[in-house]
file input01.csv (CSV, C-alpha atoms and all ligand atoms)
chain,number,residue,atom,x,y,z
E,1,MET,CA,21.8,3.9,-0.1
E,2,SER,CA,21.7,0.7,-2.3
E,3,GLU,CA,19.8,0.4,-5.5
E,4,PRO,CA,16.0,0.4,-5.2
E,5,LEU,CA,14.5,-3.1,-4.8
E,6,ARG,CA,12.1,-3.3,-7.6
E,7,ILE,CA,11.1,-5.7,-10.3
E,8,PRO,CA,13.2,-5.0,-13.4
E,9,THR,CA,10.5,-3.5,-15.6
E,10,PRO,CA,7.3,-1.9,-14.2
E,11,LEU,CA,4.2,-3.7,-15.3
E,12,LEU,CA,0.8,-2.5,-16.4
E,13,ALA,CA,-2.2,-4.2,-15.1
E,14,PRO,CA,-5.3,-3.2,-17.1
E,15,SER,CA,-8.5,-3.7,-15.0
E,16,ILE,CA,-11.1,-5.9,-16.6
E,17,LEU,CA,-13.7,-4.0,-14.6
E,18,SER,CA,-13.7,-1.3,-17.3
E,19,ALA,CA,-14.0,-3.8,-20.2
E,20,ASP,CA,-17.2,-4.9,-21.8
E,21,PHE,CA,-18.6,-7.6,-19.4
E,22,ALA,CA,-20.5,-9.2,-22.3
E,23,ARG,CA,-17.1,-9.6,-24.1
E,24,LEU,CA,-14.5,-10.3,-21.5
E,25,ALA,CA,-12.5,-12.5,-23.9
E,26,ASP,CA,-12.1,-9.5,-26.1
E,27,GLY,CA,-10.7,-7.6,-23.1
E,28,LEU,CA,-8.2,-10.4,-22.6
E,29,LYS,CA,-7.1,-10.2,-26.3
E,30,VAL,CA,-6.4,-6.5,-25.9
E,31,MET,CA,-4.1,-7.3,-23.0
E,32,GLU,CA,-2.4,-10.1,-24.8
E,33,ALA,CA,-1.8,-7.8,-27.7
E,34,GLY,CA,-0.1,-5.4,-25.2
E,35,GLU,CA,2.0,-8.1,-23.4
E,36,PRO,CA,3.5,-8.0,-20.9
E,37,CYS,CA,0.3,-7.2,-19.0
E,38,VAL,CA,-1.1,-8.5,-15.8
E,39,VAL,CA,-4.9,-8.9,-15.8
E,40,HIS,CA,-6.4,-7.0,-12.8
E,41,VAL,CA,-9.7,-8.6,-11.6
E,42,ASP,CA,-11.8,-6.5,-9.2
E,43,VAL,CA,-13.8,-8.7,-6.9
E,44,MET,CA,-16.5,-6.7,-5.0
E,45,ASP,CA,-19.1,-8.1,-2.7
E,46,GLY,CA,-21.6,-5.2,-2.1
E,47,HIS,CA,-20.6,-5.2,1.6
E,48,PHE,CA,-17.0,-4.1,1.9
E,49,VAL,CA,-17.6,-1.8,-1.0
E,50,PRO,CA,-20.8,-0.5,-2.5
E,51,ASN,CA,-20.7,-2.5,-5.7
E,52,ILE,CA,-21.0,-6.1,-6.8
E,53,THR,CA,-18.8,-7.4,-9.7
E,54,ILE,CA,-17.0,-10.7,-10.3
E,55,GLY,CA,-16.8,-14.0,-8.5
E,56,MET,CA,-14.9,-17.3,-8.7
E,57,PRO,CA,-16.8,-18.7,-11.8
E,58,VAL,CA,-15.8,-15.7,-13.9
E,59,VAL,CA,-12.2,-16.0,-12.8
E,60,ALA,CA,-12.3,-19.7,-13.8
E,61,ALA,CA,-13.7,-18.7,-17.2
E,62,LEU,CA,-10.9,-16.1,-17.6
E,63,ARG,CA,-8.3,-18.7,-16.7
E,64,LYS,CA,-9.5,-20.9,-19.5
E,65,GLU,CA,-9.0,-18.1,-22.0
E,66,THR,CA,-5.6,-16.7,-21.1
E,67,LYS,CA,-2.1,-17.6,-19.8
E,68,LEU,CA,-1.6,-14.0,-18.6
E,69,THR,CA,-1.1,-13.5,-14.8
E,70,LEU,CA,-4.5,-13.1,-13.1
E,71,ASP,CA,-4.4,-10.6,-10.3
E,72,CYS,CA,-7.5,-10.8,-8.1
E,73,HIS,CA,-8.1,-7.8,-5.9
E,74,LEU,CA,-10.6,-8.9,-3.3
E,75,MET,CA,-12.8,-6.1,-2.1
E,76,ILE,CA,-14.8,-8.4,0.1
E,77,GLU,CA,-15.6,-9.0,3.8
E,78,ASN,CA,-14.0,-12.0,5.3
E,79,PRO,CA,-11.4,-12.5,2.5
E,80,GLY,CA,-9.8,-15.4,4.3
E,81,ARG,CA,-13.0,-17.4,3.7
E,82,TYR,CA,-12.7,-17.1,-0.1
E,83,ALA,CA,-9.0,-16.5,-1.0
E,84,LEU,CA,-8.2,-20.2,-1.7
E,85,GLU,CA,-11.3,-20.6,-3.8
E,86,PHE,CA,-10.0,-17.8,-6.1
E,87,ILE,CA,-6.6,-19.6,-6.3
E,88,GLN,CA,-8.4,-22.8,-7.2
E,89,ALA,CA,-10.3,-20.9,-9.9
E,90,GLY,CA,-7.0,-19.8,-11.4
E,91,ALA,CA,-5.8,-16.6,-9.6
E,92,ASP,CA,-2.0,-16.1,-9.7
E,93,TRP,CA,-1.9,-13.2,-7.4
E,94,VAL,CA,-4.5,-12.5,-4.6
E,95,SER,CA,-4.7,-9.3,-2.6
E,96,VAL,CA,-6.7,-8.7,0.5
E,97,HIS,CA,-7.6,-5.5,2.3
E,98,LEU,CA,-5.9,-4.9,5.6
E,99,GLU,CA,-9.2,-3.2,6.7
E,100,ALA,CA,-11.3,-6.3,5.9
E,101,ASP,CA,-9.3,-9.0,7.7
E,102,PRO,CA,-8.5,-9.1,11.4
E,103,HIS,CA,-6.5,-12.3,10.7
E,104,ILE,CA,-4.5,-11.1,7.7
E,105,HIS,CA,-1.3,-12.8,8.7
E,106,ARG,CA,-3.1,-16.2,8.5
E,107,THR,CA,-4.7,-15.3,5.2
E,108,LEU,CA,-1.4,-14.2,3.6
E,109,SER,CA,0.2,-17.4,4.8
E,110,ALA,CA,-2.6,-19.5,3.3
E,111,ILE,CA,-2.4,-17.7,-0.1
E,112,ARG,CA,1.4,-18.2,-0.3
E,113,GLY,CA,1.0,-21.8,0.9
E,114,ALA,CA,-1.4,-22.4,-2.0
E,115,GLY,CA,1.3,-21.2,-4.4
E,116,ALA,CA,0.0,-17.7,-5.3
E,117,LYS,CA,1.5,-14.3,-4.7
E,118,ALA,CA,0.0,-12.6,-1.6
E,119,GLY,CA,-0.8,-8.9,-1.5
E,120,VAL,CA,-2.0,-6.5,1.1
E,121,VAL,CA,-4.3,-3.6,0.0
E,122,LEU,CA,-4.5,-0.3,1.8
E,123,ASN,CA,-7.4,2.1,1.4
E,124,PRO,CA,-6.4,5.8,0.9
E,125,GLY,CA,-6.9,6.6,4.6
E,126,THR,CA,-4.9,3.6,5.9
E,127,PRO,CA,-1.3,4.5,6.8
E,128,VAL,CA,1.5,2.4,5.4
E,129,GLU,CA,2.9,2.1,8.9
E,130,GLY,CA,0.2,-0.5,9.5
E,131,LEU,CA,2.3,-2.9,7.5
E,132,VAL,CA,5.5,-2.7,9.4
E,133,ASP,CA,4.9,-6.0,11.3
E,134,LEU,CA,3.9,-7.8,8.2
E,135,VAL,CA,6.9,-7.1,6.0
E,136,GLY,CA,8.3,-10.4,4.8
E,137,ASP,CA,4.8,-12.0,4.9
E,138,PHE,CA,3.5,-10.6,1.6
E,139,ASP,CA,4.8,-10.3,-2.0
E,140,PHE,CA,3.2,-7.0,-2.8
E,141,VAL,CA,1.3,-4.0,-1.4
E,142,LEU,CA,-1.6,-2.5,-3.4
E,143,LEU,CA,-2.1,1.1,-2.5
E,144,MET,CA,-5.6,2.4,-3.4
E,145,SER,CA,-5.4,5.8,-5.0
E,146,VAL,CA,-9.2,6.1,-5.0
E,147,ASN,CA,-11.8,4.9,-2.6
E,148,PRO,CA,-12.5,1.3,-3.8
E,149,GLY,CA,-15.8,0.4,-5.5
E,150,PHE,CA,-15.8,1.9,-8.9
E,151,GLY,CA,-13.6,2.6,-11.9
E,152,GLY,CA,-13.2,6.0,-13.4
E,153,GLN,CA,-12.6,8.0,-10.3
E,154,SER,CA,-10.0,10.7,-9.8
E,155,PHE,CA,-6.5,9.9,-8.5
E,156,ILE,CA,-5.8,11.1,-5.0
E,157,PRO,CA,-2.3,12.8,-5.3
E,158,ARG,CA,-1.1,12.3,-1.7
E,159,ILE,CA,-0.8,8.6,-2.6
E,160,LEU,CA,2.5,9.5,-4.2
E,161,ASP,CA,3.9,10.1,-0.7
E,162,LYS,CA,2.7,6.7,0.4
E,163,VAL,CA,4.5,5.1,-2.5
E,164,ALA,CA,7.7,6.8,-1.5
E,165,ARG,CA,7.3,5.8,2.2
E,166,LEU,CA,6.8,2.2,1.2
E,167,ASP,CA,9.8,2.3,-1.1
E,168,THR,CA,11.9,3.5,1.9
E,169,LEU,CA,10.5,0.8,4.1
E,170,ARG,CA,11.4,-2.0,1.7
E,171,ARG,CA,14.9,-0.6,1.3
E,172,GLU,CA,15.4,-0.3,5.0
E,173,ARG,CA,14.2,-3.9,5.6
E,174,ASN,CA,16.0,-5.2,2.4
E,175,ILE,CA,12.8,-7.1,1.4
E,176,PRO,CA,11.9,-6.6,-2.3
E,177,PHE,CA,8.1,-6.6,-2.2
E,178,MET,CA,6.3,-5.0,-5.2
E,179,ILE,CA,4.3,-1.8,-4.9
E,180,GLN,CA,1.1,-1.7,-6.9
E,181,VAL,CA,-1.1,1.4,-7.3
E,182,ASP,CA,-4.8,1.3,-8.3
E,183,GLY,CA,-7.3,4.0,-9.1
E,184,GLY,CA,-7.3,7.0,-11.4
E,185,VAL,CA,-4.0,6.0,-13.1
E,186,GLY,CA,-3.3,7.3,-16.6
E,187,MET,CA,-1.0,9.2,-18.9
E,188,GLY,CA,-0.9,12.1,-16.5
E,189,ASN,CA,0.6,10.3,-13.5
E,190,ALA,CA,2.1,7.0,-14.7
E,191,ARG,CA,5.7,8.2,-15.0
E,192,GLU,CA,5.5,10.0,-11.6
E,193,LEU,CA,4.2,6.9,-9.9
E,194,VAL,CA,7.0,4.7,-11.3
E,195,GLN,CA,9.6,7.3,-10.4
E,196,ALA,CA,8.3,7.3,-6.8
E,197,GLY,CA,8.7,3.5,-6.6
E,198,ALA,CA,5.6,1.8,-8.1
E,199,ASP,CA,6.2,-1.5,-9.9
E,200,VAL,CA,2.7,-2.3,-11.1
E,201,LEU,CA,0.1,0.2,-12.2
E,202,VAL,CA,-3.6,-0.8,-12.5
E,203,ALA,CA,-5.5,1.1,-15.2
E,204,GLY,CA,-9.1,0.6,-16.0
E,205,ASN,CA,-10.7,3.5,-17.8
E,206,ALA,CA,-7.4,4.8,-19.1
E,207,VAL,CA,-7.2,1.6,-21.2
E,208,PHE,CA,-10.7,0.4,-21.9
E,209,LYS,CA,-12.5,3.7,-22.3
E,210,ALA,CA,-9.7,4.9,-24.7
E,211,PRO,CA,-10.6,5.0,-28.4
E,212,ASP,CA,-7.9,2.4,-29.1
E,213,PRO,CA,-7.2,0.3,-26.0
E,214,VAL,CA,-4.2,-1.5,-27.5
E,215,LYS,CA,-2.6,1.8,-28.3
E,216,ALA,CA,-3.5,3.1,-24.9
E,217,ILE,CA,-1.6,0.2,-23.3
E,218,ALA,CA,1.5,0.8,-25.5
E,219,GLU,CA,1.5,4.5,-24.6
E,220,LEU,CA,1.1,3.8,-20.8
E,221,GLN,CA,3.9,1.2,-21.0
E,222,ALA,CA,6.2,3.7,-22.8
E,223,LYS,CA,5.5,6.3,-20.0
E,224,MET,CA,6.2,3.7,-17.3
E,225,SER,CA,9.5,2.5,-18.9
E,226,ALA,CA,10.9,6.0,-19.0
E,227,ARG,CA,11.8,5.6,-15.4
A,1,LIG,C1,-11.6,0.4,-7.9
A,1,LIG,C2,-10.8,-0.8,-8.5
A,1,LIG,C3,-9.9,-0.4,-9.6
A,1,LIG,C4,-10.6,0.2,-10.8
A,1,LIG,C5,-9.6,1.1,-11.5
A,1,LIG,O1,-12.2,-0.1,-6.7
A,1,LIG,O2,-10.1,-1.4,-7.5
A,1,LIG,O3,-9.1,-1.5,-10.0
A,1,LIG,O4,-11.0,-0.7,-11.7
A,1,LIG,O5,-10.2,1.8,-12.5
A,1,LIG,P1,-9.7,3.2,-13.0
A,1,LIG,O6,-8.3,3.0,-13.5
A,1,LIG,O7,-10.7,3.6,-14.1
A,1,LIG,O8,-9.7,4.1,-11.8
A,2,ZN,ZN,-8.6,-3.0,-8.2
call {"tool": "encode", "arguments": {"input": "input01.csv", "output": "structure tokens"}}
result
Amino acid sequence: MSEPLRIPTPLLAPSILSADFARLADGLKVMEAGEPCVVHVDVMDGHFVPNITIGMPVVAALRKETKLTLDCHLMIENPGRYALEFIQAGADWVSVHLEADPHIHRTLSAIRGAGAKAGVVLNPGTPVEGLVDLVGDFDFVLLMSVNPGFGGQSFIPRILDKVARLDTLRRERNIPFMIQVDGGVGMGNARELVQAGADVLVAGNAVFKAPDPVKAIAELQAKMSAR
């Protein structure tokens, strides 16, 4: 078996959802202090998930404040309707839920066509095998390790098996898409997730509810790099 197809260094993506919404620029400064970081932006519409958070104007405001990669996780119905607006607002990566889009191939093509990285998101109960006929049409897969809607939930351990199955799929197909994991990630599971094949770990509460978020980022990155 050839070497695993992964990005050279696993990346931490702190979720701005767990930061202070009245001081989002301070949240960005924490991530800049901990570079390399990807800024994970949780977009929720109150329909696909039972919470309402951030829209395009906030993404545009974040874009003005930072050069870090903006990773917009769209937890919304009809994501194809809005994906390009998020790219225009400044998103570098846009991910859409397989469960929310009957025309996901079209949406992924549109995201890539607009110059952004396209991701497919799978809820905990959605099997990775649902992606088999999309391999090559996305840049990354986001595996939810909680049911989407809120930060601070507990990690669902069987997601580790999904990471490993996706890692096998990308090796078999020789297509190096990234694997991202989101929900309940922290010091207790970061290394295990990277060892299973994850390239990008999202962490909300583990960063922003820590007493020292900059230190928390450094500690998580150290765990992740000990692959
Ligand atoms: C949940 C969001 C996550 C969330 C992660 O629906 O997609 O990105 O912010 O937060 P933690 O790391 O606290 O579980
Ligand atoms: Zn998310």
call {"tool": "residues_near_point", "arguments": {"input": "input01.csv", "point": "(-10.5, -16.1, -0.1)", "cutoff": "12 Å", "atoms": "all atoms listed in the file", "output": "PyMOL selection string"}}
result
chain E and resi 43+55-56+72-89+91+93-97+100-101+104+106-111+114+116+118
call {"tool": "write_last_selection", "arguments": {"input": "input01.csv", "atoms": "C-alpha atoms", "output": "mmCIF file, in the frame of the given file"}}
result
data_model
loop_
_atom_site.group_PDB
_atom_site.id
_atom_site.type_symbol
_atom_site.label_atom_id
_atom_site.label_comp_id
_atom_site.auth_asym_id
_atom_site.auth_seq_id
_atom_site.Cartn_x
_atom_site.Cartn_y
_atom_site.Cartn_z
ATOM 1 C CA VAL E 43 -13.800 -8.700 -6.900
ATOM 2 C CA GLY E 55 -16.800 -14.000 -8.500
ATOM 3 C CA MET E 56 -14.900 -17.300 -8.700
ATOM 4 C CA CYS E 72 -7.500 -10.800 -8.100
ATOM 5 C CA HIS E 73 -8.100 -7.800 -5.900
ATOM 6 C CA LEU E 74 -10.600 -8.900 -3.300
ATOM 7 C CA MET E 75 -12.800 -6.100 -2.100
ATOM 8 C CA ILE E 76 -14.800 -8.400 0.100
ATOM 9 C CA GLU E 77 -15.600 -9.000 3.800
ATOM 10 C CA ASN E 78 -14.000 -12.000 5.300
ATOM 11 C CA PRO E 79 -11.400 -12.500 2.500
ATOM 12 C CA GLY E 80 -9.800 -15.400 4.300
ATOM 13 C CA ARG E 81 -13.000 -17.400 3.700
ATOM 14 C CA TYR E 82 -12.700 -17.100 -0.100
ATOM 15 C CA ALA E 83 -9.000 -16.500 -1.000
ATOM 16 C CA LEU E 84 -8.200 -20.200 -1.700
ATOM 17 C CA GLU E 85 -11.300 -20.600 -3.800
ATOM 18 C CA PHE E 86 -10.000 -17.800 -6.100
ATOM 19 C CA ILE E 87 -6.600 -19.600 -6.300
ATOM 20 C CA GLN E 88 -8.400 -22.800 -7.200
ATOM 21 C CA ALA E 89 -10.300 -20.900 -9.900
ATOM 22 C CA ALA E 91 -5.800 -16.600 -9.600
ATOM 23 C CA TRP E 93 -1.900 -13.200 -7.400
ATOM 24 C CA VAL E 94 -4.500 -12.500 -4.600
ATOM 25 C CA SER E 95 -4.700 -9.300 -2.600
ATOM 26 C CA VAL E 96 -6.700 -8.700 0.500
ATOM 27 C CA HIS E 97 -7.600 -5.500 2.300
ATOM 28 C CA ALA E 100 -11.300 -6.300 5.900
ATOM 29 C CA ASP E 101 -9.300 -9.000 7.700
ATOM 30 C CA ILE E 104 -4.500 -11.100 7.700
ATOM 31 C CA ARG E 106 -3.100 -16.200 8.500
ATOM 32 C CA THR E 107 -4.700 -15.300 5.200
ATOM 33 C CA LEU E 108 -1.400 -14.200 3.600
ATOM 34 C CA SER E 109 0.200 -17.400 4.800
ATOM 35 C CA ALA E 110 -2.600 -19.500 3.300
ATOM 36 C CA ILE E 111 -2.400 -17.700 -0.100
ATOM 37 C CA ALA E 114 -1.400 -22.400 -2.000
ATOM 38 C CA ALA E 116 0.000 -17.700 -5.300
ATOM 39 C CA ALA E 118 0.000 -12.600 -1.600
#
call {"tool": "residues_around", "arguments": {"input": "input01.csv", "residues": "range 171-184 of chain E", "least_positions_apart": "2", "cutoff": "7 Å", "atoms": "all atoms listed in the file", "output": "ChimeraX atom specification"}}
result
/E:4-6,136,139-146,152-155,167-169,186,198-203
call {"tool": "closest_residue", "arguments": {"input": "input01.csv", "among": "E:Ala22, E:Ala196, E:Leu70, E:Leu28", "to": "ligand ZN 2 (chain A)", "atoms": "all atoms listed in the file"}}
result
E:Leu70
call {"tool": "closest_residue", "arguments": {"input": "input01.csv", "among": "E:Pro157, E:Gly34, E:Gly125, E:Pro10", "to": "Lys223 in chain E", "atoms": "all atoms listed in the file"}}
result
E:Pro10
call {"tool": "atom_distance", "arguments": {"input": "input01.csv", "atom1": "CA of Ala19 in chain E", "atom2": "CA of Leu160 in chain E"}}
result
26.6 Å
call {"tool": "closest_residue", "arguments": {"input": "input01.csv", "among": "E:Ala13, E:Ala222, E:Ala60, E:Ala190", "to": "ligand ZN 2 (chain A)", "atoms": "only C-alpha atoms and all ligand atoms"}}
result
E:Ala13
call {"tool": "atom_distance", "arguments": {"input": "input01.csv", "atom1": "CA of Val39 in chain E", "atom2": "CA of Gly188 in chain E"}}
result
21.4 Å
call {"tool": "atom_distance", "arguments": {"input": "input01.csv", "atom1": "CA of Gly113 in chain E", "atom2": "CA of Asp137 in chain E"}}
result
11.2 Å
call {"tool": "closest_residue", "arguments": {"input": "input01.csv", "among": "E:Val185, E:Met31, E:Ile156, E:Leu62", "to": "ligand ZN 2 (chain A)", "atoms": "all atoms listed in the file"}}
result
E:Val185
